[in-house]
Each structure stands twice: as C-alpha cells, then as structure tokens.
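Below is upload_0.csv, holding CSV, C-alpha atoms.
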chain,number,residue,atom,x,y,z
F,19,ARG,CA,24.3,-10.7,-5.7
F,20,ALA,CA,22.2,-13.8,-5.5
F,21,ASP,CA,21.3,-13.2,-1.8
F,22,GLU,CA,20.5,-9.5,-2.6
F,23,THR,CA,18.2,-10.6,-5.4
F,24,ARG,CA,16.5,-13.0,-3.1
F,25,ARG,CA,15.9,-10.3,-0.4
F,26,LYS,CA,15.1,-7.4,-2.7
F,27,PHE,CA,13.0,-9.2,-5.3
F,28,HIS,CA,11.9,-12.8,-4.5
F,29,LEU,CA,10.9,-12.2,-0.9
F,30,LEU,CA,9.3,-8.8,-1.8
F,31,LEU,CA,7.2,-10.5,-4.5
F,32,TRP,CA,6.3,-13.4,-2.2
F,33,ASN,CA,5.3,-11.0,0.6
F,34,ILE,CA,3.0,-9.2,-1.9
F,35,TYR,CA,1.5,-12.5,-3.0
F,36,ASN,CA,1.1,-13.6,0.6
F,37,PHE,CA,-0.6,-10.3,1.5
F,38,PHE,CA,-3.1,-10.7,-1.3
F,39,VAL,CA,-3.9,-14.4,-0.5
F,40,SER,CA,-4.2,-13.9,3.2
F,41,TYR,CA,-6.6,-11.0,3.0
F,42,ALA,CA,-8.6,-12.4,0.1
F,43,ILE,CA,-9.3,-15.5,2.2
F,44,VAL,CA,-10.3,-13.4,5.2
F,45,ASP,CA,-12.6,-11.3,3.1
F,46,GLN,CA,-14.0,-14.4,1.3
F,47,CYS,CA,-13.2,-13.2,-2.2
F,48,LYS,CA,-14.3,-15.4,-5.0
F,49,ARG,CA,-12.0,-16.1,-7.9
F,50,GLU,CA,-14.8,-15.6,-10.4
F,51,ASP,CA,-15.4,-12.1,-9.1
F,52,LEU,CA,-11.7,-11.2,-9.2
F,53,LYS,CA,-11.3,-12.4,-12.8
F,54,LEU,CA,-13.9,-9.8,-13.9
F,55,LYS,CA,-11.8,-6.8,-14.9
F,56,ARG,CA,-13.4,-3.5,-13.8
F,57,LYS,CA,-12.4,0.1,-13.9
F,58,SER,CA,-11.7,1.2,-10.3
F,59,LYS,CA,-12.5,4.6,-9.0
F,60,ASN,CA,-9.5,4.6,-6.7
F,61,VAL,CA,-6.5,6.5,-7.9
F,62,LEU,CA,-4.0,3.9,-6.5
F,63,ASP,CA,-5.7,1.2,-8.6
F,64,ARG,CA,-5.8,3.3,-11.7
F,65,TRP,CA,-2.1,4.1,-11.2
F,66,ILE,CA,-0.8,0.6,-10.7
F,67,ILE,CA,-2.8,-0.8,-13.7
F,68,SER,CA,-1.3,2.0,-15.8
F,69,GLN,CA,2.1,1.0,-14.6
F,70,LEU,CA,1.3,-2.6,-15.4
F,71,HIS,CA,0.4,-1.7,-19.0
F,72,HIS,CA,3.7,0.1,-19.4
F,73,LEU,CA,5.6,-2.8,-17.8
F,74,THR,CA,4.0,-5.3,-20.1
F,75,GLN,CA,4.9,-3.2,-23.1
F,76,LYS,CA,8.5,-2.7,-21.9
F,77,VAL,CA,9.1,-6.3,-21.2
F,78,THR,CA,7.5,-7.5,-24.4
F,79,ASP,CA,9.5,-5.0,-26.5
F,80,SER,CA,12.8,-5.8,-24.7
F,81,LEU,CA,12.4,-9.6,-25.1
F,82,ASN,CA,11.5,-9.2,-28.7
F,83,GLN,CA,15.0,-7.5,-29.1
F,84,TYR,CA,16.6,-10.3,-27.0
F,85,ASP,CA,17.3,-7.7,-24.2
F,86,ALA,CA,16.5,-9.8,-21.1
F,87,PHE,CA,18.6,-7.4,-18.9
F,88,SER,CA,16.3,-4.4,-19.5
F,89,ALA,CA,13.2,-6.6,-19.2
F,90,GLY,CA,14.4,-7.9,-15.8
F,91,ASN,CA,15.3,-4.5,-14.5
F,92,ALA,CA,11.8,-3.2,-15.5
F,93,ILE,CA,10.1,-6.0,-13.6
F,94,GLU,CA,12.3,-5.5,-10.5
F,95,GLY,CA,11.5,-1.7,-10.4
F,96,PHE,CA,7.7,-2.4,-10.8
F,97,VAL,CA,7.7,-4.9,-7.9
F,98,GLU,CA,9.5,-2.4,-5.7
F,99,ASP,CA,6.8,0.2,-6.5
F,100,LEU,CA,4.1,-2.3,-6.0
F,101,SER,CA,5.3,-3.1,-2.6
F,102,THR,CA,6.6,0.2,-1.2
F,103,TRP,CA,3.7,2.4,-2.5
F,104,TYR,CA,0.6,0.5,-3.8
F,105,VAL,CA,0.4,-2.3,-1.2
F,106,ARG,CA,1.6,-0.1,1.7
F,107,ARG,CA,-1.0,2.6,0.9
F,108,SER,CA,-3.7,0.0,0.3
F,109,ARG,CA,-3.4,-2.1,3.5
F,110,ASP,CA,-6.2,-0.2,5.2
F,111,ARG,CA,-8.5,-0.8,2.3
F,112,VAL,CA,-8.8,-4.6,2.9
F,113,GLY,CA,-9.3,-6.9,5.8
F,114,PRO,CA,-12.0,-7.1,8.6
F,115,THR,CA,-11.4,-3.5,9.7
F,116,ALA,CA,-12.0,-2.0,6.2
F,117,GLN,CA,-15.5,-0.4,5.9
F,118,ASN,CA,-15.8,0.4,2.2
F,119,LYS,CA,-16.8,-2.8,0.5
F,120,ASP,CA,-16.8,-1.5,-3.0
F,121,ASP,CA,-13.3,-0.1,-2.6
F,122,LYS,CA,-12.2,-3.4,-1.1
F,123,VAL,CA,-13.4,-5.4,-4.1
F,124,GLU,CA,-11.7,-2.9,-6.5
F,125,CYS,CA,-8.4,-3.2,-4.6
F,126,PHE,CA,-8.5,-7.1,-4.6
F,127,ALA,CA,-9.5,-7.1,-8.4
F,128,SER,CA,-6.7,-4.7,-9.2
F,129,LEU,CA,-4.0,-6.7,-7.3
F,130,TYR,CA,-5.3,-9.9,-8.8
F,131,GLU,CA,-4.9,-8.6,-12.3
F,132,VAL,CA,-1.4,-7.3,-11.4
F,133,LEU,CA,-0.2,-10.6,-9.9
F,134,VAL,CA,-1.6,-12.8,-12.7
F,135,THR,CA,-0.1,-10.6,-15.4
F,136,LEU,CA,3.2,-10.4,-13.5
F,137,ALA,CA,3.3,-14.2,-13.2
F,138,GLY,CA,3.1,-14.3,-17.0
F,139,LEU,CA,5.9,-11.8,-17.5
F,140,LEU,CA,8.0,-13.6,-14.9
F,141,ALA,CA,7.6,-17.1,-16.5
F,142,PRO,CA,10.8,-17.0,-18.5
F,143,PHE,CA,12.8,-15.6,-15.6
F,144,THR,CA,11.5,-17.3,-12.5
F,145,PRO,CA,9.5,-20.3,-13.8
F,146,PHE,CA,8.7,-22.0,-10.5
F,147,ILE,CA,7.6,-18.9,-8.5
F,148,ALA,CA,5.6,-17.7,-11.5
F,149,GLU,CA,3.9,-21.2,-11.8
F,150,GLU,CA,3.0,-21.3,-8.1
F,151,ILE,CA,1.4,-17.8,-8.2
F,152,TYR,CA,-0.4,-18.3,-11.5
F,153,ARG,CA,-1.8,-21.7,-10.7
F,154,ASN,CA,-3.0,-20.8,-7.3
F,155,LEU,CA,-4.6,-17.6,-8.3
F,156,THR,CA,-6.2,-18.7,-11.6
F,157,GLY,CA,-6.9,-22.4,-11.1
F,158,GLU,CA,-5.5,-23.0,-14.6
F,159,GLU,CA,-3.1,-25.8,-15.5
F,160,SER,CA,0.1,-23.8,-16.0
F,161,VAL,CA,1.5,-20.3,-16.7
F,162,HIS,CA,3.8,-22.0,-19.3
F,163,LEU,CA,0.7,-23.1,-21.3
F,164,ALA,CA,-1.0,-19.7,-21.0
F,165,ASP,CA,-0.8,-16.9,-23.7
F,166,TRP,CA,1.8,-14.2,-23.2
F,167,PRO,CA,0.2,-11.2,-21.4
F,168,ALA,CA,-1.5,-8.9,-23.9
F,169,THR,CA,0.1,-5.6,-24.5
F,170,ALA,CA,-2.3,-2.8,-23.5
F,171,TYR,CA,-1.0,0.4,-25.0
F,172,ALA,CA,-1.1,3.5,-22.8
F,173,THR,CA,-4.2,5.7,-23.0
F,174,ALA,CA,-4.2,9.5,-23.1
F,175,GLY,CA,-5.0,9.7,-19.4
F,176,GLN,CA,-2.2,7.4,-18.1
F,177,ALA,CA,0.8,9.7,-18.7
F,178,PRO,CA,-0.5,12.5,-16.5
F,179,LEU,CA,-1.6,10.0,-13.8
F,180,ILE,CA,1.9,8.4,-13.7
F,181,LYS,CA,3.6,11.8,-13.7
F,182,ASN,CA,1.4,13.2,-10.9
F,183,MET,CA,2.0,10.1,-8.8
F,184,GLU,CA,5.7,10.5,-9.1
F,185,LEU,CA,5.3,14.1,-7.9
F,186,VAL,CA,3.2,13.0,-4.9
F,187,ARG,CA,5.8,10.5,-3.9
F,188,LYS,CA,8.6,13.1,-4.2
F,189,ILE,CA,6.5,15.5,-2.0
F,190,CYS,CA,6.0,12.6,0.5
F,191,GLU,CA,9.8,12.0,0.6
F,192,LEU,CA,10.4,15.6,1.4
F,193,GLY,CA,7.8,15.4,4.2
F,194,HIS,CA,9.3,12.2,5.7
F,195,ALA,CA,12.7,13.9,5.6
F,196,LYS,CA,11.3,16.9,7.5
F,197,ARG,CA,9.6,14.7,10.1
F,198,LYS,CA,12.9,13.0,10.7
F,199,GLU,CA,14.7,16.3,11.0
F,200,TYR,CA,12.2,17.4,13.6
F,201,GLY,CA,12.2,14.0,15.4
F,202,ILE,CA,8.4,13.6,15.1
F,203,LYS,CA,7.2,10.1,14.3
F,204,VAL,CA,4.6,9.6,11.5
F,205,ARG,CA,2.1,8.2,14.0
F,206,GLN,CA,1.8,11.7,15.6
F,207,PRO,CA,-0.7,13.7,13.5
F,208,LEU,CA,0.3,17.3,12.6
F,209,GLY,CA,-2.0,20.2,11.7
F,210,LYS,CA,-0.5,21.5,8.4
F,211,PHE,CA,2.0,20.5,5.7
F,212,SER,CA,3.2,23.3,3.5
F,213,ILE,CA,4.7,22.7,0.0
F,214,PHE,CA,6.7,25.7,-1.3
F,215,ASN,CA,7.5,26.6,-4.9
F,216,PHE,CA,4.8,24.4,-6.3
F,217,GLN,CA,4.1,24.9,-10.0
F,218,PHE,CA,1.8,22.0,-10.8
F,219,SER,CA,-1.8,21.0,-10.0
F,220,LEU,CA,-3.0,17.9,-8.1
F,221,ASN,CA,-6.5,16.7,-7.8
F,222,ASP,CA,-8.2,15.9,-4.5
F,223,GLU,CA,-7.4,12.2,-4.6
F,224,MET,CA,-3.7,12.9,-4.9
F,225,ILE,CA,-3.8,15.5,-2.1
F,226,GLN,CA,-5.6,12.9,0.1
F,227,LEU,CA,-2.7,10.5,-0.5
F,228,ILE,CA,-0.3,13.1,0.8
F,229,ARG,CA,-2.5,13.7,3.8
F,230,ASP,CA,-2.7,10.0,4.6
F,231,GLU,CA,1.0,9.2,3.9
F,232,LEU,CA,2.3,12.1,6.1
F,233,ASN,CA,-0.6,12.0,8.6
F,234,VAL,CA,-1.5,15.7,8.4
F,235,LYS,CA,-4.9,17.4,8.6
F,236,GLU,CA,-4.2,20.1,5.9
F,237,VAL,CA,-2.0,20.4,2.9
F,238,GLU,CA,-1.1,23.9,1.7
F,239,PHE,CA,0.5,24.8,-1.7
F,240,ILE,CA,2.5,28.0,-2.0
F,241,ASP,CA,3.6,29.2,-5.5
F,242,GLY,CA,7.2,30.0,-6.3
F,243,LYS,CA,10.0,29.4,-8.9
F,244,GLU,CA,12.7,28.1,-6.7
F,245,GLU,CA,13.4,24.4,-5.8
F,246,LEU,CA,10.5,22.4,-4.3
F,247,ALA,CA,10.6,22.5,-0.5
F,248,ALA,CA,8.3,21.5,2.3
F,249,ASP,CA,7.7,22.2,6.0
F,250,PHE,CA,5.2,21.3,8.8
F,251,ASP,CA,3.4,23.3,11.4
F,252,THR,CA,4.7,21.4,14.4
F,253,GLN,CA,2.5,22.9,17.1
F,254,LEU,CA,0.7,20.1,18.9
F,255,THR,CA,-2.8,20.8,20.1
F,256,PRO,CA,-4.5,18.6,22.8
F,257,SER,CA,-6.6,17.0,20.0
F,258,LEU,CA,-3.5,16.1,18.0
F,259,ILE,CA,-1.7,14.7,21.0
F,260,ALA,CA,-4.7,12.6,21.9
F,261,GLU,CA,-4.9,11.2,18.4
F,262,GLY,CA,-1.2,10.4,18.4
F,263,LYS,CA,-1.5,8.6,21.7
F,264,ALA,CA,-4.5,6.5,20.2
F,265,ARG,CA,-2.4,5.6,17.1
F,266,GLU,CA,0.5,4.5,19.3
F,267,LEU,CA,-1.8,2.3,21.4
F,268,VAL,CA,-3.2,0.7,18.3
F,269,ARG,CA,0.3,-0.1,17.2
F,270,GLN,CA,1.2,-1.6,20.6
F,271,ILE,CA,-2.0,-3.7,20.6
F,272,GLN,CA,-1.3,-5.0,17.0
F,273,ILE,CA,2.2,-6.0,18.1
F,274,LYS,CA,0.8,-7.9,21.1
F,275,ARG,CA,-1.8,-9.6,18.8
F,276,LYS,CA,1.0,-10.8,16.6
F,277,GLU,CA,3.0,-12.1,19.6
F,278,LEU,CA,-0.2,-14.0,20.8
F,279,GLY,CA,-0.6,-15.6,17.3
F,280,CYS,CA,-4.0,-14.1,16.7
F,281,SER,CA,-5.6,-14.6,13.3
F,282,LEU,CA,-6.6,-11.6,11.2
F,283,THR,CA,-10.2,-11.9,12.3
F,284,GLU,CA,-9.8,-12.9,15.9
F,285,LYS,CA,-11.3,-10.6,18.6
F,286,VAL,CA,-9.3,-9.7,21.7
F,287,ASN,CA,-9.9,-8.1,25.1
F,288,VAL,CA,-7.8,-5.1,25.9
F,289,THR,CA,-6.8,-3.6,29.2
F,290,LEU,CA,-5.3,-0.1,29.3
F,291,ALA,CA,-4.1,2.1,32.2
F,292,ASP,CA,-5.3,5.2,30.3
F,293,TRP,CA,-6.4,6.2,26.8
F,294,PRO,CA,-8.0,9.2,25.1
F,295,GLU,CA,-11.7,8.2,25.5
F,296,GLU,CA,-12.8,10.1,22.4
F,297,PHE,CA,-10.8,7.7,20.4
F,298,THR,CA,-12.2,4.5,22.0
F,299,GLN,CA,-14.0,3.5,18.8
F,300,TYR,CA,-10.9,4.1,16.7
F,301,ILE,CA,-8.9,1.8,19.0
F,302,VAL,CA,-11.7,-0.9,18.9
F,303,ASP,CA,-12.0,-0.7,15.1
F,304,GLY,CA,-8.2,-0.7,14.5
F,305,THR,CA,-7.5,-3.7,16.7
F,306,LEU,CA,-10.6,-5.8,16.6
F,307,ALA,CA,-11.0,-5.4,20.3
F,308,GLU,CA,-14.2,-6.9,21.8
F,309,THR,CA,-13.7,-4.8,24.9
F,310,VAL,CA,-11.4,-2.0,26.2
F,311,HIS,CA,-11.2,-2.0,30.0
F,312,LYS,CA,-9.3,0.3,32.4
F,313,GLY,CA,-6.8,-1.4,34.5
F,314,ASN,CA,-3.4,-1.1,36.2
F,315,SER,CA,-1.3,-2.4,33.3
F,316,PHE,CA,-1.4,-2.9,29.6
F,317,GLN,CA,-2.8,-6.3,28.6
F,318,VAL,CA,-4.2,-8.0,25.5
F,319,GLU,CA,-5.9,-11.3,25.9
F,320,ARG,CA,-7.4,-13.7,23.3
F,321,LYS,CA,-11.2,-13.8,23.6
Produce structure tokens that represent the structure in this file.
Amino acid sequence: RADETRRKFHLLLWNIYNFFVSYAIVDQCKREDLKLKRKSKNVLDRWIISQLHHLTQKVTDSLNQYDAFSAGNAIEGFVEDLSTWYVRRSRDRVGPTAQNKDDKVECFASLYEVLVTLAGLLAPFTPFIAEEIYRNLTGEESVHLADWPATAYATAGQAPLIKNMELVRKICELGHAKRKEYGIKVRQPLGKFSIFNFQFSLNDEMIQLIRDELNVKEVEFIDGKEELAADFDTQLTPSLIAEGKARELVRQIQIKRKELGCSLTEKVNVTLADWPEEFTQYIVDGTLAETVHKGNSFQVERK
C-alpha cells in the first residue's frame, strides 16, 4: 500500500510540480506575476480552479469533522485529475513552441494557484513535500506558518462547467476505446467523430477539447434516447495520412532529443529520408529543429 501511494500520489504530484517549475524557468515566468490572481479565458483553467475551490471546501469540512480519510481521498482524486487531464491537455500551451503568450501566462498562473493551495491542504498529511513545494514557489518562510487556504464557495457557473467537463471526458473515453478497437493510434488524425444519443449541449471550447484529445477534424452530435455511443469515420485521405506521418516524425525526433539530453530550448539539426513537405513547418515548430535536411537515414544532431 505504501509503494502504491508513492507511485500513484507522491510521484504524480512531484511530476506535476516538476513540469511547472521546468517550463516556468524556460518561459522566464516571474513569481510576482504568477501571484496575481486572474480570471482565465481558457476552459481548462476555469475548470481546474473550480475543482480546486470544491476540494478546499471538502478538505476543510472533512478535517473540521476529524475525517482525515475523506479529506485524503479527495486530495488524491484531485491530483489524479490534475495530472491526467489538466496538465496533459495543457502541455502544448507552455514552453518554447507555444505561440499564444497570453494563454501561456494564464496557464502558469492557474497552475501556480493550484500548487500553492494544494501545498497548504497537504501540510497536515505530507509536511515535507508540502514545505518544499510551498517555499520554492512562494519564497515565503514555511507552509506551516501560513494561513489555511481560504474556502472559496462555488459560484453559480461552476457546477455546469464541472458537469460538462465530466461529460467531455466520458465522450473521450468512448473515443479512445473505439480507436483501440479499430487499431488506429491517436497520432493518426481522423476526419469525423460521431457521438450518438446525445441529449446535452456543449460549447465550442468543450467541443475543441474533444477534437484535440481524439485528434479529429470534425465532431458530429446525433440525437437519441438510447445509451451514449460513439464512432469514427475511419477513411484515411492522403492529407490525413500525411499529417499522421508528420506527427509520428515529431514523436520520433522528440524521443531522440531526450536520448541526446537536449534542454527544452535547445535547437537541433534533423535529417530525414522522407517527410510530407507541406508539414515541414509543423515538424520544425514541434521539435525546435534549426534545419530539416533530406538524407539516407534518420538523424538528429545537437546544433
């Protein structure tokens, strides 16, 4: 049980913290800017902050009733959601390849608020990890001398947001199961994803999350009263095949960068036997390639 907790909670939390610190350093984020709470336009930021408010309320109420078990379970579930959905879906929003600077700042500010608040909530449970995270992020003396995180009660708009995000994640699970059934990797873009027996409404931001997560060009909703179901149009056009090949090349180059020990901002020179030339800029942007040359074999060299 102790080793399972270490793997499923402590390492998960530390990887989130390490992700934030690594990219915040690369993007030269200033602590003073991150401490300024702001209302993000991004639906992922709004969702995770709403979840944070609910978590703070749950942990505070549970501990006031001497129910440490429920408080601990709530924190564990939040950290899993933070890692498997928020951070994973936000990776492309930060770092040297991210283009939208305003969205980048909102992502860092949101994750900063989450980690600092989480450190406060964790102080009675994991005092040393909480102390390390809190002191490094805030520059203050100790999490154990700080006030308990303030309970921010849910606003009218938070409940629908949380409910709709749950629905989006359920739809994405159905989509991933279908891709696995067809044996088609997520890196291969598909033309259309159809959701059957849909009785709800999702805004454009939520639909875009489904597109990005399942790597599809179009999402189609079909009304019905039976159980929710989903399917893909699996016909691969030359354009979709070319994009899939470009995505696979980016993955291979990134693996090679890691093997070479490249830093997050380091440029590389890439040699490829063949690639879809209409996606040259996509490959360059996604791998920080200084050049892409044609050659007899696949090579990635430090600049």
All residues 8 Å or closer to segment 219-224 of chain F, all atoms listed in the file, same chain fewer than 2 positions away omitted, as a PDB file with C-alpha atoms, keeping the file's coordinate frame:
ATOM      1  CA  VAL F  61      -6.500   6.500  -7.900  1.00  0.00           C
ATOM      2  CA  ASN F 182       1.400  13.200 -10.900  1.00  0.00           C
ATOM      3  CA  MET F 183       2.000  10.100  -8.800  1.00  0.00           C
ATOM      4  CA  VAL F 186       3.200  13.000  -4.900  1.00  0.00           C
ATOM      5  CA  GLN F 217       4.100  24.900 -10.000  1.00  0.00           C
ATOM      6  CA  GLN F 226      -5.600  12.900   0.100  1.00  0.00           C
ATOM      7  CA  LEU F 227      -2.700  10.500  -0.500  1.00  0.00           C
ATOM      8  CA  ILE F 228      -0.300  13.100   0.800  1.00  0.00           C
TER       9      ILE F 228
END
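For the set F:Ile151, F:Ala164, F:Ile93, F:Val134, the residue with the smallest atom-to-atom gap to Leu52 of chain F is F:Val134, counting only C-alpha atoms.
These residues, each with an atom at most 12 Å from (-3.2, -13.2, 19.8) using all atoms listed in the file, are F:Ile271, F:Gln272, F:Ile273, F:Lys274, F:Arg275, F:Lys276, F:Glu277, F:Leu278, F:Gly279, F:Cys280, F:Ser281, F:Leu282, F:Thr283, F:Glu284, F:Lys285, F:Val286, F:Asn287, F:Val288, F:Thr305, F:Leu306, F:Ala307, F:Gln317, F:Val318, F:Glu319, F:Arg320, F:Lys321.
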Set the distance at 12 Å and use only C-alpha atoms: which residues neighbour Lys188 of chain F once local chain neighbours fewer than 6 positions away are removed? I'd like the list as an mmCIF file with C-alpha atoms, keeping the file's coordinate frame.
data_model
loop_
_atom_site.group_PDB
_atom_site.id
_atom_site.type_symbol
_atom_site.label_atom_id
_atom_site.label_comp_id
_atom_site.auth_asym_id
_atom_site.auth_seq_id
_atom_site.Cartn_x
_atom_site.Cartn_y
_atom_site.Cartn_z
ATOM 1 C CA TRP F 103 3.700 2.400 -2.500
ATOM 2 C CA LYS F 181 3.600 11.800 -13.700
ATOM 3 C CA ASN F 182 1.400 13.200 -10.900
ATOM 4 C CA HIS F 194 9.300 12.200 5.700
ATOM 5 C CA ALA F 195 12.700 13.900 5.600
ATOM 6 C CA ILE F 213 4.700 22.700 0.000
ATOM 7 C CA ILE F 228 -0.300 13.100 0.800
ATOM 8 C CA GLU F 231 1.000 9.200 3.900
ATOM 9 C CA LEU F 246 10.500 22.400 -4.300
ATOM 10 C CA ALA F 247 10.600 22.500 -0.500
ATOM 11 C CA ALA F 248 8.300 21.500 2.300
#
Next item on the list: Tell me which protein, DNA and RNA residues are within 8 Å of segment 24-29 of chain F, counting all atoms listed in the file, leaving out same-chain ones fewer than 4 positions away, and put them as a ChimeraX atom specification.
Entry: /F:20,33,94,97-98
Next item on the list: Could you pull out every residue with an atom within 10 Å of (8.6, -1.8, -12.7), file coordinates, counting all atoms listed in the file, and send them as a list in words?
Entry: Ile66, Gln69, Leu70, His72, Leu73, Thr74, Lys76, Val77, Ala89, Gly90, Asn91, Ala92, Ile93, Glu94, Gly95, Phe96, Val97, Glu98, Asp99 and Leu100 of chain F
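Pairwise distance (atom CA of Trp166 of chain F, atom CA of Gly138 of chain F) equals 6.3 Å.
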Margin query: With all atoms listed in the file as the counted atoms, please give the residues lying no more than 8 Å from Ser212 of chain F, apart from itself and same-chain residues fewer than 2 positions off, as a PyMOL selection string.
Written below: chain F and resi 210+214+237-240+248-251
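Between atom CA of Ile301 of chain F and atom CA of Ala260 of chain F the separation is 11.9 Å.
Across F:Ile202, F:Gly113, F:Ser40, F:Tyr300, the tightest approach to Arg269 of chain F is made by F:Tyr300 when counting all atoms listed in the file.
Remark: for Leu232 of chain F, the closest of the candidate residues F:Leu62, F:Leu133, F:Leu208, F:Ile147 is F:Leu208 (distances computed over all atoms listed in the file).
Atom CA of Glu131 of chain F to atom CA of Asp303 of chain F spans 29.4 Å [interatomic distance, one decimal].
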How big is the axis-aligned box, and where does its centre sit, when it encloses all atoms of segment 138-151 of chain F listed in the file and has 8 Å added on every side, reported in Å to one decimal as JSON?
{"center_x": 7.1, "center_y": -16.9, "center_z": -13.3, "size_x": 27.4, "size_y": 26.2, "size_z": 26.4}
Quick one: segment 276-297 of chain F from the block, N, CA, C and O atoms, as a PDB file, in the first residue's frame.
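Heads up, here's the output in result.pdb:
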ATOM      1  N   LYS F 276      15.445  13.593 -26.384  1.00  0.00           N
ATOM      2  CA  LYS F 276      15.558  13.163 -24.985  1.00  0.00           C
ATOM      3  C   LYS F 276      16.776  12.263 -24.788  1.00  0.00           C
ATOM      4  O   LYS F 276      17.504  12.389 -23.801  1.00  0.00           O
ATOM      5  N   GLU F 277      16.989  11.338 -25.733  1.00  0.00           N
ATOM      6  CA  GLU F 277      18.154  10.443 -25.656  1.00  0.00           C
ATOM      7  C   GLU F 277      19.462  11.225 -25.705  1.00  0.00           C
ATOM      8  O   GLU F 277      20.448  10.848 -25.057  1.00  0.00           O
ATOM      9  N   LEU F 278      19.482  12.320 -26.470  1.00  0.00           N
ATOM     10  CA  LEU F 278      20.689  13.149 -26.594  1.00  0.00           C
ATOM     11  C   LEU F 278      20.880  14.081 -25.395  1.00  0.00           C
ATOM     12  O   LEU F 278      21.927  14.717 -25.271  1.00  0.00           O
ATOM     13  N   GLY F 279      19.867  14.168 -24.536  1.00  0.00           N
ATOM     14  CA  GLY F 279      19.962  15.041 -23.368  1.00  0.00           C
ATOM     15  C   GLY F 279      19.774  16.503 -23.694  1.00  0.00           C
ATOM     16  O   GLY F 279      20.312  17.382 -23.000  1.00  0.00           O
ATOM     17  N   CYS F 280      19.016  16.803 -24.746  1.00  0.00           N
ATOM     18  CA  CYS F 280      18.784  18.199 -25.139  1.00  0.00           C
ATOM     19  C   CYS F 280      17.944  18.922 -24.089  1.00  0.00           C
ATOM     20  O   CYS F 280      17.020  18.338 -23.516  1.00  0.00           O
ATOM     21  N   SER F 281      18.233  20.191 -23.881  1.00  0.00           N
ATOM     22  CA  SER F 281      17.403  21.013 -22.999  1.00  0.00           C
ATOM     23  C   SER F 281      16.111  21.366 -23.725  1.00  0.00           C
ATOM     24  O   SER F 281      15.981  21.154 -24.939  1.00  0.00           O
ATOM     25  N   LEU F 282      15.148  21.912 -22.984  1.00  0.00           N
ATOM     26  CA  LEU F 282      13.841  22.235 -23.563  1.00  0.00           C
ATOM     27  C   LEU F 282      13.931  23.289 -24.658  1.00  0.00           C
ATOM     28  O   LEU F 282      13.074  23.357 -25.537  1.00  0.00           O
ATOM     29  N   THR F 283      14.982  24.127 -24.608  1.00  0.00           N
ATOM     30  CA  THR F 283      15.092  25.221 -25.582  1.00  0.00           C
ATOM     31  C   THR F 283      16.169  24.983 -26.641  1.00  0.00           C
ATOM     32  O   THR F 283      16.374  25.823 -27.513  1.00  0.00           O
ATOM     33  N   GLU F 284      16.840  23.844 -26.568  1.00  0.00           N
ATOM     34  CA  GLU F 284      17.977  23.589 -27.459  1.00  0.00           C
ATOM     35  C   GLU F 284      17.526  23.251 -28.878  1.00  0.00           C
ATOM     36  O   GLU F 284      16.613  22.455 -29.086  1.00  0.00           O
ATOM     37  N   LYS F 285      18.181  23.875 -29.856  1.00  0.00           N
ATOM     38  CA  LYS F 285      17.902  23.619 -31.272  1.00  0.00           C
ATOM     39  C   LYS F 285      18.643  22.366 -31.725  1.00  0.00           C
ATOM     40  O   LYS F 285      19.706  22.025 -31.188  1.00  0.00           O
ATOM     41  N   VAL F 286      18.074  21.698 -32.729  1.00  0.00           N
ATOM     42  CA  VAL F 286      18.723  20.513 -33.288  1.00  0.00           C
ATOM     43  C   VAL F 286      18.674  20.577 -34.818  1.00  0.00           C
ATOM     44  O   VAL F 286      17.865  21.313 -35.394  1.00  0.00           O
ATOM     45  N   ASN F 287      19.547  19.798 -35.444  1.00  0.00           N
ATOM     46  CA  ASN F 287      19.510  19.617 -36.896  1.00  0.00           C
ATOM     47  C   ASN F 287      18.966  18.222 -37.182  1.00  0.00           C
ATOM     48  O   ASN F 287      19.402  17.238 -36.579  1.00  0.00           O
ATOM     49  N   VAL F 288      18.009  18.139 -38.096  1.00  0.00           N
ATOM     50  CA  VAL F 288      17.309  16.877 -38.360  1.00  0.00           C
ATOM     51  C   VAL F 288      17.539  16.442 -39.803  1.00  0.00           C
ATOM     52  O   VAL F 288      17.455  17.249 -40.729  1.00  0.00           O
ATOM     53  N   THR F 289      17.838  15.157 -39.967  1.00  0.00           N
ATOM     54  CA  THR F 289      17.953  14.563 -41.303  1.00  0.00           C
ATOM     55  C   THR F 289      16.898  13.468 -41.427  1.00  0.00           C
ATOM     56  O   THR F 289      16.799  12.590 -40.562  1.00  0.00           O
ATOM     57  N   LEU F 290      16.114  13.540 -42.496  1.00  0.00           N
ATOM     58  CA  LEU F 290      15.048  12.569 -42.722  1.00  0.00           C
ATOM     59  C   LEU F 290      15.149  12.022 -44.139  1.00  0.00           C
ATOM     60  O   LEU F 290      15.483  12.747 -45.081  1.00  0.00           O
ATOM     61  N   ALA F 291      14.846  10.739 -44.289  1.00  0.00           N
ATOM     62  CA  ALA F 291      14.850  10.140 -45.621  1.00  0.00           C
ATOM     63  C   ALA F 291      13.673  10.671 -46.440  1.00  0.00           C
ATOM     64  O   ALA F 291      13.786  10.855 -47.656  1.00  0.00           O
ATOM     65  N   ASP F 292      12.566  10.940 -45.748  1.00  0.00           N
ATOM     66  CA  ASP F 292      11.371  11.425 -46.445  1.00  0.00           C
ATOM     67  C   ASP F 292      10.422  12.013 -45.414  1.00  0.00           C
ATOM     68  O   ASP F 292      10.392  11.573 -44.267  1.00  0.00           O
ATOM     69  N   TRP F 293       9.659  13.014 -45.829  1.00  0.00           N
ATOM     70  CA  TRP F 293       8.631  13.581 -44.959  1.00  0.00           C
ATOM     71  C   TRP F 293       7.622  14.349 -45.814  1.00  0.00           C
ATOM     72  O   TRP F 293       7.961  14.801 -46.919  1.00  0.00           O
ATOM     73  N   PRO F 294       6.399  14.493 -45.339  1.00  0.00           N
ATOM     74  CA  PRO F 294       5.415  15.281 -46.097  1.00  0.00           C
ATOM     75  C   PRO F 294       5.789  16.760 -46.059  1.00  0.00           C
ATOM     76  O   PRO F 294       5.719  17.400 -45.009  1.00  0.00           O
ATOM     77  N   GLU F 295       6.235  17.293 -47.160  1.00  0.00           N
ATOM     78  CA  GLU F 295       6.837  18.632 -47.177  1.00  0.00           C
ATOM     79  C   GLU F 295       5.863  19.738 -46.793  1.00  0.00           C
ATOM     80  O   GLU F 295       6.285  20.794 -46.318  1.00  0.00           O
ATOM     81  N   GLU F 296       4.550  19.503 -46.978  1.00  0.00           N
ATOM     82  CA  GLU F 296       3.579  20.518 -46.569  1.00  0.00           C
ATOM     83  C   GLU F 296       3.511  20.670 -45.050  1.00  0.00           C
ATOM     84  O   GLU F 296       2.939  21.640 -44.536  1.00  0.00           O
ATOM     85  N   PHE F 297       4.122  19.712 -44.323  1.00  0.00           N
ATOM     86  CA  PHE F 297       4.146  19.773 -42.865  1.00  0.00           C
ATOM     87  C   PHE F 297       5.552  20.081 -42.335  1.00  0.00           C
ATOM     88  O   PHE F 297       5.838  19.837 -41.166  1.00  0.00           O
TER      89      PHE F 297
END
